[in-house]
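Peer 1: My structure is stored as work-v9.pdb, with PDB, C-alpha atoms.
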MODEL        1
ATOM      1  CA  MET A 250       0.000   0.000   0.000  1.00  0.00           C
ATOM      2  CA  SER A 251       2.836   2.366   0.822  1.00  0.00           C
ATOM      3  CA  LYS A 252       4.377   1.976  -2.637  1.00  0.00           C
ATOM      4  CA  ALA A 253       1.054   2.805  -4.301  1.00  0.00           C
ATOM      5  CA  VAL A 254       0.773   6.002  -2.258  1.00  0.00           C
ATOM      6  CA  ASP A 255       4.346   6.937  -3.179  1.00  0.00           C
ATOM      7  CA  VAL A 256       3.697   6.356  -6.876  1.00  0.00           C
ATOM      8  CA  LEU A 257       0.479   8.389  -6.733  1.00  0.00           C
ATOM      9  CA  SER A 258       2.286  11.189  -4.925  1.00  0.00           C
ATOM     10  CA  VAL A 259       5.047  11.312  -7.552  1.00  0.00           C
ATOM     11  CA  LEU A 260       2.397  11.278 -10.275  1.00  0.00           C
ATOM     12  CA  LEU A 261       0.665  14.259  -8.638  1.00  0.00           C
ATOM     13  CA  LEU A 262       4.003  16.048  -8.399  1.00  0.00           C
ATOM     14  CA  VAL A 263       4.660  15.531 -12.116  1.00  0.00           C
ATOM     15  CA  LEU A 264       1.133  16.711 -12.902  1.00  0.00           C
ATOM     16  CA  ALA A 265       1.744  19.830 -10.799  1.00  0.00           C
ATOM     17  CA  VAL A 266       4.927  20.628 -12.711  1.00  0.00           C
ATOM     18  CA  VAL A 267       3.152  20.145 -16.042  1.00  0.00           C
ATOM     19  CA  ALA A 268       0.281  22.379 -14.911  1.00  0.00           C
ATOM     20  CA  PHE A 269       2.672  25.114 -13.758  1.00  0.00           C
ATOM     21  CA  VAL A 270       4.528  25.002 -17.081  1.00  0.00           C
ATOM     22  CA  ALA A 271       1.225  25.169 -18.976  1.00  0.00           C
ATOM     23  CA  GLY A 272       0.169  28.108 -16.802  1.00  0.00           C
ATOM     24  CA  ILE A 273       3.364  30.007 -17.485  1.00  0.00           C
ATOM     25  CA  TYR A 274       3.034  29.263 -21.199  1.00  0.00           C
ATOM     26  CA  ALA A 275      -0.554  30.566 -21.144  1.00  0.00           C
ATOM     27  CA  LEU A 276       0.614  33.722 -19.372  1.00  0.00           C
ATOM     28  CA  GLY A 277       3.094  34.273 -22.179  1.00  0.00           C
ATOM     29  CA  ASN A 278       0.259  34.029 -24.690  1.00  0.00           C
ATOM     30  CA  ARG A 279      -1.856  36.487 -22.690  1.00  0.00           C
ATOM     31  CA  GLU A 280      -4.532  33.896 -21.909  1.00  0.00           C
ATOM     32  CA  ASP A 281      -5.224  35.001 -18.371  1.00  0.00           C
ATOM     33  CA  VAL A 282      -8.151  32.717 -17.535  1.00  0.00           C
ATOM     34  CA  ARG A 283      -6.402  29.623 -18.846  1.00  0.00           C
ATOM     35  CA  ALA A 284      -3.224  30.578 -17.002  1.00  0.00           C
ATOM     36  CA  LEU A 285      -5.133  31.050 -13.761  1.00  0.00           C
ATOM     37  CA  TYR A 286      -6.809  27.664 -14.205  1.00  0.00           C
ATOM     38  CA  PHE A 287      -3.509  25.842 -14.773  1.00  0.00           C
ATOM     39  CA  LEU A 288      -1.775  27.613 -11.897  1.00  0.00           C
ATOM     40  CA  ILE A 289      -4.612  26.685  -9.510  1.00  0.00           C
ATOM     41  CA  VAL A 290      -4.558  23.075 -10.702  1.00  0.00           C
ATOM     42  CA  GLY A 291      -0.791  23.000 -10.222  1.00  0.00           C
ATOM     43  CA  ALA A 292      -1.050  24.388  -6.710  1.00  0.00           C
ATOM     44  CA  LEU A 293      -3.733  21.868  -5.732  1.00  0.00           C
ATOM     45  CA  CYS A 294      -1.756  18.953  -7.157  1.00  0.00           C
ATOM     46  CA  LEU A 295       1.391  20.092  -5.360  1.00  0.00           C
ATOM     47  CA  ARG A 296      -0.475  20.435  -2.074  1.00  0.00           C
ATOM     48  CA  SER A 297      -2.063  17.012  -2.475  1.00  0.00           C
ATOM     49  CA  SER A 298       1.294  15.453  -3.262  1.00  0.00           C
ATOM     50  CA  THR A 299       2.962  16.897  -0.174  1.00  0.00           C
ATOM     51  CA  GLU A 300       0.009  16.059   2.089  1.00  0.00           C
ATOM     52  CA  MET A 301       0.207  12.420   1.038  1.00  0.00           C
ATOM     53  CA  LEU A 302       3.913  12.208   1.869  1.00  0.00           C
ATOM     54  CA  ARG A 303       3.761  14.098   5.148  1.00  0.00           C
ATOM     55  CA  PRO A 304       4.308  11.732   8.083  1.00  0.00           C
ATOM     56  CA  ARG A 305       1.359  11.454  10.420  1.00  0.00           C
ATOM     57  CA  SER A 306       1.807  11.398  14.173  1.00  0.00           C
ATOM     58  CA  ARG A 307       0.113   8.559  15.983  1.00  0.00           C
ATOM     59  CA  SER A 308      -2.439   9.525  18.582  1.00  0.00           C
ATOM     60  CA  ARG A 309      -1.728   8.383  22.107  1.00  0.00           C
ATOM     61  CA  GLY A 310      -5.422   7.670  22.588  1.00  0.00           C
TER      62      GLY A 310
ENDMDL
END
Give the structure from this file in structure tokens form.
Peer 2:
Amino acid sequence: MSKAVDVLSVLLLVLAVVAFVAGIYALGNREDVRALYFLIVGALCLRSSTEMLRPRSRSRG
């Protein structure tokens, strides 16, 4: 299970990089709405990727 989570996290990281690059490219073409969309998608993918890899503390219950 841990390997699947790691693979999914790396996949989300790659997707975030692709979305950021697409957003920057759209900014260069003066497509503001498309750029905003890609930059938001990139930020959400990056956040999801780091949240999945963040170690969780065990509750003392």
Peer 1: Please tabulate, as a Markdown table, the residues of region 290-309 of chain A that come within 7 Å of region 252-261 of chain A, each with its closest pair of atoms and the distance in Å to one decimal, counting only C-alpha atoms and ordering rows by chain, then residue number upward.
Peer 2:
| residue | atom | partner | partner_atom | distance |
| --- | --- | --- | --- | --- |
| A:Cys294 | CA | A:Leu261 | CA | 5.5 |
| A:Leu295 | CA | A:Leu261 | CA | 6.7 |
| A:Ser298 | CA | A:Ser258 | CA | 4.7 |
| A:Met301 | CA | A:Ser258 | CA | 6.4 |
Peer 1: Quick one: pull the distance between CA of Ile273 (chain A) and CA of Arg303 (chain A), Å, one decimal.
Peer 2: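 Those two atoms sit 27.7 Å apart.
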Peer 1: To one decimal in Å, tell me the separation between CA of Ala275 (chain A) and CA of Thr299 (chain A).
Peer 2: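 Atom-to-atom, CA of Ala275 (chain A) to CA of Thr299 (chain A), that is 25.3 Å.
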Peer 1: If we count all atoms listed in the file and set the cut-off at 10 Å, which residues sit around Val270 (chain A), ignoring sequence neighbours fewer than 3 positions away in its own chain? Please answer as a list in words.
Peer 2: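 Listed by chain and then number, they are Leu264, Ala265, Val266, Val267, Ile273, Tyr274, Ala275, Leu276, Ala284, Phe287, Leu288 and Gly291 of chain A.
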Peer 1: Would you compute the distance between CA of Leu285 (chain A) and CA of Gly272 (chain A)? Give it in Å to one decimal.
Peer 2: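 Distance reported for this atom pair: 6.8 Å.
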Peer 1: Return the single residue from A:Arg305, A:Met250, A:Val282, A:Glu300 that is closest to Leu262 (chain A), with distances computed using only C-alpha atoms.
Peer 2: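 Using only C-alpha atoms, Leu262 (chain A) sits closest to A:Glu300.
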Peer 1: Restore N, CA and C atoms in region 277-299 of chain A and list the result as a compact mmCIF listing (two decimals), keeping the file's coordinate frame.
Peer 2:
# COMPACT_ATOMS: atom_id res chain seq x y z
N GLY A 277 2.32 33.70 -21.08
CA GLY A 277 3.09 34.27 -22.18
C GLY A 277 2.23 34.58 -23.39
N ASN A 278 1.17 33.80 -23.56
CA ASN A 278 0.26 34.03 -24.69
C ASN A 278 -0.90 34.95 -24.33
N ARG A 279 -0.83 35.55 -23.17
CA ARG A 279 -1.86 36.49 -22.69
C ARG A 279 -3.24 35.86 -22.59
N GLU A 280 -3.27 34.59 -22.16
CA GLU A 280 -4.53 33.90 -21.91
C GLU A 280 -4.70 33.81 -20.39
N ASP A 281 -5.21 34.87 -19.82
CA ASP A 281 -5.22 35.00 -18.37
C ASP A 281 -6.08 33.95 -17.67
N VAL A 282 -7.26 33.67 -18.20
CA VAL A 282 -8.15 32.72 -17.54
C VAL A 282 -7.56 31.32 -17.58
N ARG A 283 -7.02 30.94 -18.73
CA ARG A 283 -6.40 29.62 -18.85
C ARG A 283 -5.18 29.52 -17.94
N ALA A 284 -4.40 30.58 -17.87
CA ALA A 284 -3.22 30.58 -17.00
C ALA A 284 -3.63 30.43 -15.54
N LEU A 285 -4.66 31.14 -15.14
CA LEU A 285 -5.13 31.05 -13.76
C LEU A 285 -5.61 29.64 -13.45
N TYR A 286 -6.33 29.03 -14.39
CA TYR A 286 -6.81 27.66 -14.20
C TYR A 286 -5.64 26.71 -14.00
N PHE A 287 -4.64 26.76 -14.88
CA PHE A 287 -3.51 25.84 -14.77
C PHE A 287 -2.70 26.08 -13.51
N LEU A 288 -2.54 27.33 -13.11
CA LEU A 288 -1.78 27.61 -11.90
C LEU A 288 -2.51 27.12 -10.65
N ILE A 289 -3.83 27.22 -10.64
CA ILE A 289 -4.61 26.68 -9.51
C ILE A 289 -4.54 25.17 -9.48
N VAL A 290 -4.67 24.54 -10.64
CA VAL A 290 -4.56 23.08 -10.70
C VAL A 290 -3.18 22.63 -10.23
N GLY A 291 -2.15 23.33 -10.65
CA GLY A 291 -0.79 23.00 -10.22
C GLY A 291 -0.62 23.13 -8.72
N ALA A 292 -1.17 24.19 -8.15
CA ALA A 292 -1.05 24.39 -6.71
C ALA A 292 -1.79 23.29 -5.94
N LEU A 293 -2.97 22.92 -6.41
CA LEU A 293 -3.73 21.87 -5.73
C LEU A 293 -3.05 20.51 -5.84
N CYS A 294 -2.48 20.22 -6.99
CA CYS A 294 -1.76 18.95 -7.16
C CYS A 294 -0.51 18.92 -6.28
N LEU A 295 0.20 20.02 -6.21
CA LEU A 295 1.39 20.09 -5.36
C LEU A 295 1.03 19.92 -3.89
N ARG A 296 -0.04 20.56 -3.47
CA ARG A 296 -0.48 20.43 -2.07
C ARG A 296 -0.90 19.00 -1.76
N SER A 297 -1.63 18.39 -2.68
CA SER A 297 -2.06 17.01 -2.48
C SER A 297 -0.87 16.08 -2.40
N SER A 298 0.10 16.30 -3.25
CA SER A 298 1.29 15.45 -3.26
C SER A 298 2.05 15.55 -1.94
N THR A 299 2.22 16.75 -1.43
CA THR A 299 2.96 16.90 -0.17
C THR A 299 2.15 16.42 1.02
